[in-house]
$ cat structure32.cif   # mmCIF, C-alpha atoms
data_input
#
loop_
_atom_site.label_atom_id
_atom_site.label_comp_id
_atom_site.auth_asym_id
_atom_site.auth_seq_id
_atom_site.Cartn_x
_atom_site.Cartn_y
_atom_site.Cartn_z
CA MET A 1 61.99 -67.32 -84.71
CA ALA A 2 58.39 -68.46 -84.31
CA GLU A 3 57.72 -71.88 -82.82
CA GLN A 4 56.97 -74.47 -85.49
CA ASN A 5 53.46 -75.11 -84.19
CA ASP A 6 52.49 -71.44 -84.40
CA ARG A 7 50.82 -71.82 -87.79
CA VAL A 8 49.71 -68.86 -89.86
CA ASP A 9 46.71 -69.26 -92.14
CA GLN A 10 47.24 -66.97 -95.13
CA SER A 11 43.75 -67.78 -96.29
CA THR A 12 42.46 -65.37 -93.63
CA PRO A 13 42.67 -61.95 -95.31
CA GLY A 14 44.14 -59.19 -93.23
CA GLY A 15 45.32 -61.50 -90.45
CA ALA A 16 47.66 -59.79 -88.02
CA ASP A 17 50.44 -62.29 -88.69
CA GLU A 18 49.87 -62.57 -92.45
CA PRO A 19 53.17 -62.21 -94.33
CA ALA A 20 53.47 -59.44 -96.88
CA ALA A 21 52.83 -60.65 -100.43
CA GLY A 22 55.59 -60.04 -102.96
CA TRP A 23 59.11 -58.78 -102.36
CA LYS A 24 59.66 -55.03 -102.23
CA PRO A 25 62.77 -53.05 -101.27
CA THR A 26 62.71 -51.20 -97.98
CA ALA A 27 62.37 -47.41 -98.09
CA THR A 28 65.98 -47.07 -96.93
CA ALA A 29 67.25 -49.45 -99.61
CA LYS A 30 65.32 -47.60 -102.30
CA SER A 31 66.71 -44.26 -101.10
CA ARG A 32 70.30 -45.57 -101.09
CA ALA A 33 69.80 -47.05 -104.56
CA THR A 34 68.59 -43.69 -105.85
CA THR A 35 71.65 -41.97 -104.36
CA PHE A 36 74.02 -44.51 -105.92
CA ARG A 37 72.33 -44.08 -109.31
CA TRP A 38 72.62 -40.29 -109.21
CA ILE A 39 76.32 -40.49 -108.32
CA ALA A 40 76.87 -43.06 -111.09
CA ALA A 41 75.08 -40.82 -113.58
CA VAL A 42 77.29 -37.85 -112.64
CA LEU A 43 80.46 -39.97 -112.99
CA TRP A 44 79.33 -41.31 -116.35
CA GLY A 45 78.50 -37.78 -117.47
CA LEU A 46 82.04 -36.69 -116.57
CA ALA A 47 83.47 -39.67 -118.46
CA ILE A 48 81.56 -38.74 -121.61
CA ALA A 49 82.54 -35.08 -121.17
CA ALA A 50 86.21 -36.13 -120.99
CA GLU A 51 85.68 -38.15 -124.15
CA ALA A 52 84.19 -35.08 -125.88
CA VAL A 53 87.17 -32.94 -124.82
CA SER A 54 89.51 -35.59 -126.21
CA ILE A 55 87.67 -35.81 -129.54
CA PHE A 56 86.81 -32.18 -130.24
CA TRP A 57 89.89 -30.50 -128.79
CA LEU A 58 92.77 -32.76 -127.90
CA LEU A 59 92.89 -34.91 -131.05
CA ARG A 60 92.83 -31.73 -133.15
CA GLN A 61 96.06 -30.45 -131.65
CA ARG A 62 99.04 -30.39 -133.99
CA GLU A 63 102.35 -28.66 -134.38
CA TYR A 64 104.15 -27.93 -137.62
CA VAL A 65 107.72 -28.86 -138.47
CA GLY A 66 109.56 -27.06 -141.29
CA GLU A 67 107.45 -23.91 -141.30
CA ASP A 68 110.02 -22.21 -143.55
CA GLY A 69 108.87 -24.27 -146.48
CA THR A 70 108.19 -22.74 -149.86
CA LEU A 71 104.94 -22.18 -151.72
CA VAL A 72 104.41 -24.33 -154.78
CA ARG A 73 101.54 -24.71 -157.23
CA ASP A 74 99.93 -28.13 -157.60
CA PRO A 75 99.73 -28.69 -161.37
CA ASP A 76 96.75 -31.03 -160.99
CA THR A 77 94.54 -28.63 -159.01
CA GLY A 78 96.09 -25.25 -159.67
CA LEU A 79 96.07 -24.59 -155.93
CA LEU A 80 98.97 -23.31 -153.89
CA GLU A 81 100.38 -25.48 -151.11
CA GLU A 82 103.26 -25.16 -148.68
CA GLN A 83 105.94 -27.70 -149.36
CA GLY A 84 108.24 -28.91 -146.63
CA VAL A 85 105.80 -28.34 -143.71
CA THR A 86 104.83 -31.44 -141.69
CA ALA A 87 102.01 -31.60 -139.12
CA GLN A 88 102.69 -33.68 -135.99
CA PHE A 89 100.67 -34.62 -132.91
CA PRO A 90 102.33 -32.84 -129.97
CA GLN A 91 103.92 -34.95 -127.27
CA TRP A 92 102.09 -33.01 -124.52
CA ALA A 93 98.78 -33.80 -126.21
CA PHE A 94 99.75 -37.48 -126.48
CA VAL A 95 100.53 -37.68 -122.75
CA THR A 96 97.32 -35.80 -121.92
CA LEU A 97 95.36 -38.25 -124.09
CA LEU A 98 96.75 -41.22 -122.16
CA VAL A 99 95.83 -39.54 -118.87
CA LEU A 100 92.30 -38.83 -120.10
CA LEU A 101 91.88 -42.45 -121.20
CA VAL A 102 92.70 -43.59 -117.67
CA VAL A 103 90.40 -40.96 -116.17
CA ILE A 104 87.52 -42.01 -118.44
CA ALA A 105 88.04 -45.64 -117.43
CA ALA A 106 88.14 -44.80 -113.72
CA LEU A 107 84.94 -42.74 -113.96
CA ALA A 108 83.11 -45.37 -116.02
CA ILE A 109 84.17 -48.26 -113.76
CA THR A 110 83.34 -46.43 -110.51
CA GLY A 111 79.94 -45.52 -111.93
CA SER A 112 79.31 -49.15 -112.93
CA VAL A 113 80.20 -50.45 -109.45
CA LEU A 114 77.79 -47.99 -107.83
CA TRP A 115 75.09 -48.79 -110.38
CA LYS A 116 75.40 -52.51 -109.62
CA LYS A 117 75.08 -51.80 -105.90
CA ALA A 118 71.92 -49.84 -106.61
CA ASN A 119 70.48 -52.71 -108.64
CA ARG A 120 71.06 -55.13 -105.79
CA LEU A 121 69.16 -52.87 -103.43
CA ASP A 122 66.35 -52.06 -105.85
CA PRO A 123 66.31 -54.52 -108.77
CA ALA A 124 64.19 -54.52 -111.90
CA ARG A 125 61.65 -57.17 -112.78
CA ARG A 126 62.88 -59.78 -115.22
CA SER A 127 59.40 -59.83 -116.75
CA GLU A 128 60.01 -56.26 -117.99
CA THR A 129 62.53 -57.49 -120.55
CA VAL A 130 63.81 -54.25 -122.06
CA ARG A 131 64.03 -52.35 -118.79
CA PHE A 132 65.65 -55.34 -117.09
CA PHE A 133 68.37 -55.57 -119.75
CA VAL A 134 69.09 -51.85 -119.92
CA GLN A 135 69.06 -51.34 -116.15
CA ASN A 136 71.45 -54.23 -115.49
CA GLN A 137 73.81 -53.73 -118.44
CA LEU A 138 73.86 -49.92 -118.49
CA GLY A 139 77.40 -49.84 -117.13
CA ALA A 140 78.67 -51.81 -120.14
CA ILE A 141 76.66 -49.65 -122.53
CA ILE A 142 78.10 -46.45 -121.05
CA ALA A 143 81.64 -47.87 -121.26
CA ILE A 144 81.19 -48.54 -124.97
CA VAL A 145 79.76 -45.06 -125.56
CA ALA A 146 82.60 -43.44 -123.60
CA PHE A 147 85.39 -45.31 -125.42
CA LEU A 148 84.40 -46.58 -128.87
CA PRO A 149 84.23 -43.25 -130.79
CA LEU A 150 87.45 -42.05 -129.16
CA VAL A 151 89.37 -45.25 -129.90
CA ILE A 152 88.22 -45.22 -133.53
CA LEU A 153 89.34 -41.61 -133.98
CA ILE A 154 92.71 -42.38 -132.41
CA PHE A 155 93.37 -45.02 -135.07
CA LEU A 156 92.15 -42.66 -137.81
CA ASN A 157 94.28 -39.72 -136.65
CA LYS A 158 96.70 -38.79 -139.46
CA ASP A 159 98.95 -36.57 -137.36
CA MET A 160 100.01 -39.16 -134.80
CA SER A 161 103.20 -41.05 -135.31
CA LYS A 162 102.98 -44.81 -135.65
CA GLY A 163 104.28 -45.25 -132.10
CA GLN A 164 101.81 -42.76 -130.62
CA LYS A 165 98.88 -44.32 -132.45
CA THR A 166 99.86 -47.85 -131.42
CA THR A 167 100.36 -46.95 -127.77
CA ALA A 168 97.21 -44.83 -127.42
CA GLY A 169 95.17 -47.35 -129.39
CA ILE A 170 96.25 -50.31 -127.28
CA VAL A 171 95.70 -48.42 -124.01
CA GLY A 172 92.27 -47.30 -125.21
CA VAL A 173 91.20 -50.80 -126.29
CA VAL A 174 92.42 -52.44 -123.07
CA LEU A 175 90.72 -49.86 -120.84
CA ALA A 176 87.54 -50.04 -122.93
CA LEU A 177 87.40 -53.83 -122.58
CA LEU A 178 88.11 -53.62 -118.85
CA ALA A 179 85.38 -51.01 -118.27
CA THR A 180 82.90 -52.96 -120.41
CA VAL A 181 83.52 -56.29 -118.68
CA ILE A 182 83.19 -54.69 -115.25
CA GLY A 183 80.03 -52.95 -116.42
CA VAL A 184 78.39 -56.22 -117.46
CA ASP A 185 76.27 -57.95 -114.79
CA PHE A 186 76.54 -61.66 -115.58
CA ASN A 187 74.01 -62.70 -112.93
CA PRO A 188 71.80 -59.68 -112.37
CA PRO A 189 69.42 -59.47 -109.42
CA SER A 190 65.69 -59.33 -110.03
CA VAL A 191 62.48 -58.90 -108.09
CA GLU A 192 61.61 -62.45 -109.11
CA LYS A 193 64.81 -63.86 -107.55
CA TYR A 194 64.22 -62.06 -104.28
CA THR A 195 60.56 -63.08 -104.31
CA ALA A 196 61.52 -66.75 -104.71
CA ASP A 197 63.75 -66.57 -101.64
CA GLN A 198 61.06 -64.72 -99.70
CA SER A 199 58.41 -67.27 -100.74
CA ALA A 200 60.59 -70.18 -99.62
CA VAL A 201 61.19 -68.50 -96.25
CA ILE A 202 57.49 -67.86 -95.66
CA LEU A 203 56.43 -71.35 -96.71
CA MET A 204 58.99 -73.02 -94.43
CA LEU A 205 58.84 -70.64 -91.44
CA GLY A 206 55.38 -69.13 -91.62
CA LYS A 207 56.62 -65.55 -91.83
CA ASP A 208 59.13 -63.37 -93.61
CA GLU A 209 61.83 -63.36 -90.94
CA VAL A 210 65.48 -64.29 -91.41
CA VAL A 211 68.78 -63.90 -89.56
CA TRP A 212 72.18 -62.61 -90.67
CA VAL A 213 75.44 -61.15 -89.40
CA ASP A 214 77.31 -58.17 -90.78
CA GLY A 215 80.20 -60.17 -92.23
CA GLY A 216 78.12 -62.77 -94.08
CA ALA A 217 76.98 -62.83 -97.70
CA VAL A 218 73.68 -64.71 -97.22
CA TYR A 219 70.85 -64.83 -94.71
CA HIS A 220 69.68 -67.79 -92.65
CA VAL A 221 66.46 -69.32 -91.35
CA CYS A 222 67.32 -69.21 -87.64
CA ASP A 223 69.93 -67.88 -85.21
CA GLU A 224 71.36 -71.18 -83.92
CA VAL A 225 73.27 -72.22 -87.04
CA SER A 226 77.05 -72.48 -86.91
CA ASP A 227 77.67 -70.11 -89.83
CA ILE A 228 76.59 -67.10 -87.78
CA GLN A 229 78.25 -68.03 -84.49
CA THR A 230 81.05 -65.61 -85.32
CA GLY A 231 80.84 -63.25 -82.38
CA SER A 232 79.23 -60.59 -84.57
CA GLU A 233 75.83 -59.28 -83.64
CA LYS A 234 73.01 -61.39 -85.03
CA ARG A 235 70.41 -59.35 -86.85
CA THR A 236 66.82 -60.38 -87.50
CA GLY A 237 64.47 -58.91 -90.07
CA THR A 238 62.62 -59.46 -93.31
CA THR A 239 64.25 -60.69 -96.48
CA ALA A 240 64.05 -57.11 -97.81
CA GLU A 241 65.91 -55.85 -94.74
CA ALA A 242 68.54 -58.56 -95.27
CA VAL A 243 69.02 -57.38 -98.87
CA GLU A 244 69.29 -53.80 -97.59
CA ALA A 245 72.08 -55.05 -95.30
CA GLY A 246 73.96 -56.45 -98.32
CA LYS A 247 72.90 -60.10 -98.12
CA SER A 248 72.23 -61.30 -101.64
CA ARG A 249 70.17 -64.45 -101.09
CA LEU A 250 68.83 -67.18 -98.83
CA THR A 251 71.39 -69.81 -97.88
CA LEU A 252 70.97 -73.09 -99.72
CA LYS A 253 71.80 -74.99 -96.51
CA PHE A 254 68.36 -74.20 -95.08
CA ALA A 255 67.47 -77.89 -94.55
CA SER A 256 70.35 -78.53 -92.15
CA GLU A 257 69.66 -75.19 -90.48
CA LEU A 258 66.02 -76.15 -89.89
CA ARG A 259 67.19 -79.40 -88.25
CA THR A 260 69.71 -77.53 -86.10
CA CYS A 261 66.98 -75.23 -84.84
CA GLY A 262 64.56 -78.08 -84.14
CA LEU A 263 62.16 -77.08 -86.91
CA ALA A 264 60.39 -79.43 -89.28
CA VAL A 265 62.15 -80.04 -92.59
CA PRO A 266 60.13 -80.50 -95.80
CA GLU A 267 60.39 -83.97 -97.30
CA ASN A 268 61.22 -82.35 -100.65
CA ALA A 269 63.91 -80.04 -99.26
CA ASP A 270 66.36 -81.22 -101.94
CA GLU A 271 63.91 -80.25 -104.69
CA ILE A 272 63.39 -76.81 -103.14
CA GLU A 273 67.16 -76.36 -102.83
CA ASP A 274 67.71 -77.30 -106.49
CA ALA A 275 64.97 -74.93 -107.63
CA LEU A 276 66.35 -72.05 -105.57
CA ARG A 277 69.86 -72.70 -106.89
CA GLU A 278 68.57 -72.45 -110.47
CA ILE A 279 66.50 -69.33 -109.77
CA GLN A 280 69.34 -67.64 -107.91
CA GLY A 281 71.55 -68.51 -110.88
CA GLY A 282 69.25 -66.73 -113.31
CA ALA A 283 66.78 -69.39 -114.46
CA VAL A 284 63.43 -67.91 -115.46
CA ASP A 285 61.18 -70.96 -115.95
CA THR A 286 62.01 -72.96 -112.82
CA LEU A 287 59.06 -73.88 -110.60
CA LEU A 288 59.57 -73.36 -106.87
CA PRO A 289 58.01 -76.47 -105.29
CA ALA A 290 55.66 -76.14 -102.34
CA PRO A 291 57.04 -77.82 -99.20
CA VAL A 292 55.80 -81.35 -98.59
CA TRP A 293 55.45 -82.15 -94.90
CA ALA A 294 55.51 -85.61 -93.35
CA ASP A 295 52.82 -84.44 -90.96
CA PRO A 296 50.42 -81.77 -92.29
CA ALA A 297 50.44 -80.28 -88.79
CA ASP A 298 54.11 -79.37 -89.37
CA ALA A 299 53.18 -76.83 -92.04
CA PRO A 300 53.70 -73.39 -90.47
CA ILE A 301 51.38 -71.73 -93.00
CA GLU A 302 48.57 -72.72 -95.29
CA VAL A 303 48.59 -71.10 -98.72
CA GLU A 304 45.96 -71.82 -101.32
CA GLU A 305 46.84 -72.34 -104.97
CA ALA A 306 45.96 -69.35 -107.11
CA PRO A 307 43.10 -70.07 -109.53
CA ALA A 308 44.20 -70.92 -113.06
CA GLU A 309 43.74 -68.08 -115.53
#
$ encode --input "structure32.cif" --output "structure tokens"
Amino acid sequence: MAEQNDRVDQSTPGGADEPAAGWKPTATAKSRATTFRWIAAVLWGLAIAAEAVSIFWLLRQREYVGEDGTLVRDPDTGLLEEQGVTAQFPQWAFVTLLVLLVVIAALAITGSVLWKKANRLDPARRSETVRFFVQNQLGAIIAIVAFLPLVILIFLNKDMSKGQKTTAGIVGVVLALLATVIGVDFNPPSVEKYTADQSAVILMLGKDEVVWVDGGAVYHVCDEVSDIQTGSEKRTGTTAEAVEAGKSRLTLKFASELRTCGLAVPENADEIEDALREIQGGAVDTLLPAPVWADPADAPIEVEEAPAE
């Protein structure tokens, strides 16, 4: 990490040490996200295809009992009908339906897991409301599309016995709920979240450089903290590279880490921590405070306020 007194003046355009403005995924992360999304799309396509097979072929299967019935004339319509013949849903079709319900769930859930991984590598902007919602909740939407019509038609099927309909219906509803819940992202990532972490790092350290280890879930402000003294290799890079490595956010223990590493700690570290906690939790209107330094010389970077619009 840079020494605390090596200050970077961001007011000097094009400076060699000027941090990059705004969080962006690395090229590798973007490529992996694209791969995950293509695989998820294929799996979801197979799930919907299995649903179509179930609806347009399997649920139409029936076998007739009492085919030696006699022809009679309906006095109300004048039409002939075969009396004594009963249509039933075949047992092989019932078992196949249960298997297909499980297969649809497995495909939908696997696709949702991959889609979520892609979103963590290459998130949408929360400011783009519609895209943000669709991109982060697409797994739940696909689960509903892949199950709802099929489950409805199971309950409406007239050829199934009461036991078949109850069993298939319950299995379908349970799997549909499971796939939908797994597909929902309750705390979706966003460019704004990652930018807040990146901004805090730059303002406190003077550059976009953090440390992590392979087994951890977060990244840290220096390499001397106890949380990463695990024997694993310590890795250093930008916040975008940390996200590429699977680290979801900046640790909220950055104040104690700065002290451990002998770096100046902002006087309002608690306020910054609270703001980051809210932003990381999904808040959209929380202001990230600028660090307040006891000695202005402790500030590793000088950043001017943007002019009011």
$ resolve_selection --input "structure32.cif" --expression "the PyMOL selection byres ((chain A and resi 268-271) around 10)" --output "ChimeraX atom specification"
/A:204,252-256,265-267,272-277,287-294
$ resolve_selection --input "structure32.cif" --expression "the PyMOL selection byres ((chain A and resi 90-106) around 9)" --output "PyMOL selection string"
chain A and resi 44+46-51+54+58-59+61-63+88-89+107-111+143+146-147+159-160+164+167-168+171-172+175-176+178-179
$ resolve_selection --input "structure32.cif" --expression "the PyMOL selection byres ((chain A and resi 206-218) around 7)" --output "PyMOL selection string"
chain A and resi 7-8+19+198+201-205+219-223+228+232-239+247-251+300-301
$ closest_residue --input "structure32.cif" --among "A:Ser190, A:Ser127, A:Thr230, A:Gln135" --to "Pro25 of chain A" --atoms "all atoms listed in the file"
A:Ser190
$ closest_atom_pairs --input "structure32.cif" --of "segment 103-205 of chain A" --to "segment 32-40 of chain A" --cutoff "8 Å" --atoms "all atoms listed in the file" --output "tab-separated table"
residue	atom	partner	partner_atom	distance
A:Thr110	CA	A:Ala40	CA	7.3
A:Gly111	CA	A:Ala40	CA	4.0
A:Ser112	CA	A:Ala40	CA	6.8
A:Leu114	CA	A:Phe36	CA	5.5
A:Trp115	CA	A:Arg37	CA	5.6
A:Lys117	CA	A:Ala33	CA	7.2
A:Ala118	CA	A:Ala33	CA	4.1
A:Asn119	CA	A:Ala33	CA	7.0
A:Leu121	CA	A:Ala33	CA	6.0
A:Asp122	CA	A:Ala33	CA	6.2
$ atom_distance --input "structure32.cif" --atom1 "atom CA of Asn136 of chain A" --atom2 "atom CA of Val181 of chain A"
12.7 Å
$ closest_residue --input "structure32.cif" --among "A:Gly262, A:Gly163, A:Gly139, A:Pro189" --to "Val284 of chain A" --atoms "only C-alpha atoms"
A:Pro189
$ atom_distance --input "structure32.cif" --atom1 "atom CA of Tyr64 of chain A" --atom2 "atom CA of Lys165 of chain A"
18.0 Å
$ atom_distance --input "structure32.cif" --atom1 "atom CA of Val173 of chain A" --atom2 "atom CA of Ser161 of chain A"
17.9 Å
$ residues_around --input "structure32.cif" --residues "Ala140 of chain A" --least-positions-apart "3" --cutoff "6 Å" --atoms "all atoms listed in the file" --output "NGL selection string"
:A and (137 or 143 or 180 or 183-184)
$ closest_residue --input "structure32.cif" --among "A:Val53, A:Ile141, A:Leu263, A:Lys30" --to "Ile182 of chain A" --atoms "only C-alpha atoms"
A:Ile141
$ closest_residue --input "structure32.cif" --among "A:Glu257, A:Gly22, A:Leu150, A:Val243" --to "Trp57 of chain A" --atoms "only C-alpha atoms"
A:Leu150
$ build_atoms --input "structure32.cif" --residues "segment 172-183 of chain A" --atoms "all heavy atoms" --output "PDB file, in the coordinates of the input"
ATOM      1  N   GLY A 172      93.701 -47.549-125.095  1.00  0.00           N
ATOM      2  CA  GLY A 172      92.270 -47.300-125.210  1.00  0.00           C
ATOM      3  C   GLY A 172      91.464 -48.582-125.307  1.00  0.00           C
ATOM      4  O   GLY A 172      90.431 -48.733-124.641  1.00  0.00           O
ATOM      5  N   VAL A 173      91.922 -49.528-126.120  1.00  0.00           N
ATOM      6  CA  VAL A 173      91.200 -50.800-126.290  1.00  0.00           C
ATOM      7  C   VAL A 173      91.189 -51.589-124.990  1.00  0.00           C
ATOM      8  O   VAL A 173      90.143 -52.122-124.575  1.00  0.00           O
ATOM      9  CB  VAL A 173      91.834 -51.622-127.428  1.00  0.00           C
ATOM     10  CG1 VAL A 173      91.275 -53.047-127.429  1.00  0.00           C
ATOM     11  CG2 VAL A 173      91.577 -50.958-128.776  1.00  0.00           C
ATOM     12  N   VAL A 174      92.339 -51.676-124.324  1.00  0.00           N
ATOM     13  CA  VAL A 174      92.420 -52.440-123.070  1.00  0.00           C
ATOM     14  C   VAL A 174      91.512 -51.838-122.007  1.00  0.00           C
ATOM     15  O   VAL A 174      90.755 -52.547-121.328  1.00  0.00           O
ATOM     16  CB  VAL A 174      93.877 -52.507-122.569  1.00  0.00           C
ATOM     17  CG1 VAL A 174      93.931 -53.079-121.151  1.00  0.00           C
ATOM     18  CG2 VAL A 174      94.721 -53.360-123.502  1.00  0.00           C
ATOM     19  N   LEU A 175      91.565 -50.519-121.844  1.00  0.00           N
ATOM     20  CA  LEU A 175      90.720 -49.860-120.840  1.00  0.00           C
ATOM     21  C   LEU A 175      89.246 -49.978-121.205  1.00  0.00           C
ATOM     22  O   LEU A 175      88.387 -50.151-120.323  1.00  0.00           O
ATOM     23  CB  LEU A 175      91.121 -48.395-120.703  1.00  0.00           C
ATOM     24  CG  LEU A 175      92.488 -48.135-120.063  1.00  0.00           C
ATOM     25  CD1 LEU A 175      92.805 -46.644-120.064  1.00  0.00           C
ATOM     26  CD2 LEU A 175      92.535 -48.680-118.636  1.00  0.00           C
ATOM     27  N   ALA A 176      88.929 -49.904-122.492  1.00  0.00           N
ATOM     28  CA  ALA A 176      87.540 -50.040-122.930  1.00  0.00           C
ATOM     29  C   ALA A 176      87.006 -51.435-122.608  1.00  0.00           C
ATOM     30  O   ALA A 176      85.884 -51.588-122.107  1.00  0.00           O
ATOM     31  CB  ALA A 176      87.434 -49.764-124.425  1.00  0.00           C
ATOM     32  N   LEU A 177      87.819 -52.456-122.894  1.00  0.00           N
ATOM     33  CA  LEU A 177      87.400 -53.830-122.580  1.00  0.00           C
ATOM     34  C   LEU A 177      87.236 -54.031-121.085  1.00  0.00           C
ATOM     35  O   LEU A 177      86.274 -54.668-120.626  1.00  0.00           O
ATOM     36  CB  LEU A 177      88.421 -54.825-123.142  1.00  0.00           C
ATOM     37  CG  LEU A 177      88.467 -54.953-124.674  1.00  0.00           C
ATOM     38  CD1 LEU A 177      89.621 -55.863-125.084  1.00  0.00           C
ATOM     39  CD2 LEU A 177      87.153 -55.483-125.199  1.00  0.00           C
ATOM     40  N   LEU A 178      88.185 -53.486-120.305  1.00  0.00           N
ATOM     41  CA  LEU A 178      88.110 -53.620-118.850  1.00  0.00           C
ATOM     42  C   LEU A 178      86.839 -52.958-118.307  1.00  0.00           C
ATOM     43  O   LEU A 178      86.101 -53.562-117.508  1.00  0.00           O
ATOM     44  CB  LEU A 178      89.341 -52.983-118.216  1.00  0.00           C
ATOM     45  CG  LEU A 178      89.401 -52.993-116.680  1.00  0.00           C
ATOM     46  CD1 LEU A 178      89.453 -54.428-116.164  1.00  0.00           C
ATOM     47  CD2 LEU A 178      90.605 -52.203-116.179  1.00  0.00           C
ATOM     48  N   ALA A 179      86.566 -51.732-118.745  1.00  0.00           N
ATOM     49  CA  ALA A 179      85.380 -51.010-118.270  1.00  0.00           C
ATOM     50  C   ALA A 179      84.100 -51.718-118.703  1.00  0.00           C
ATOM     51  O   ALA A 179      83.116 -51.759-117.954  1.00  0.00           O
ATOM     52  CB  ALA A 179      85.399 -49.574-118.788  1.00  0.00           C
ATOM     53  N   THR A 180      84.102 -52.272-119.912  1.00  0.00           N
ATOM     54  CA  THR A 180      82.900 -52.960-120.410  1.00  0.00           C
ATOM     55  C   THR A 180      82.637 -54.236-119.638  1.00  0.00           C
ATOM     56  O   THR A 180      81.500 -54.516-119.237  1.00  0.00           O
ATOM     57  CB  THR A 180      83.057 -53.270-121.910  1.00  0.00           C
ATOM     58  OG1 THR A 180      83.265 -52.046-122.629  1.00  0.00           O
ATOM     59  CG2 THR A 180      81.805 -53.952-122.443  1.00  0.00           C
ATOM     60  N   VAL A 181      83.694 -55.032-119.418  1.00  0.00           N
ATOM     61  CA  VAL A 181      83.520 -56.290-118.680  1.00  0.00           C
ATOM     62  C   VAL A 181      83.045 -56.029-117.262  1.00  0.00           C
ATOM     63  O   VAL A 181      82.144 -56.707-116.749  1.00  0.00           O
ATOM     64  CB  VAL A 181      84.837 -57.096-118.677  1.00  0.00           C
ATOM     65  CG1 VAL A 181      84.742 -58.279-117.715  1.00  0.00           C
ATOM     66  CG2 VAL A 181      85.161 -57.589-120.083  1.00  0.00           C
ATOM     67  N   ILE A 182      83.628 -55.029-116.606  1.00  0.00           N
ATOM     68  CA  ILE A 182      83.190 -54.690-115.250  1.00  0.00           C
ATOM     69  C   ILE A 182      81.762 -54.162-115.258  1.00  0.00           C
ATOM     70  O   ILE A 182      80.995 -54.391-114.325  1.00  0.00           O
ATOM     71  CB  ILE A 182      84.157 -53.663-114.620  1.00  0.00           C
ATOM     72  CG1 ILE A 182      85.528 -54.301-114.384  1.00  0.00           C
ATOM     73  CG2 ILE A 182      83.604 -53.121-113.305  1.00  0.00           C
ATOM     74  CD1 ILE A 182      86.578 -53.357-113.845  1.00  0.00           C
ATOM     75  N   GLY A 183      81.382 -53.490-116.325  1.00  0.00           N
ATOM     76  CA  GLY A 183      80.030 -52.950-116.420  1.00  0.00           C
ATOM     77  C   GLY A 183      78.968 -54.001-116.640  1.00  0.00           C
ATOM     78  O   GLY A 183      77.794 -53.793-116.314  1.00  0.00           O
TER      79      GLY A 183
END
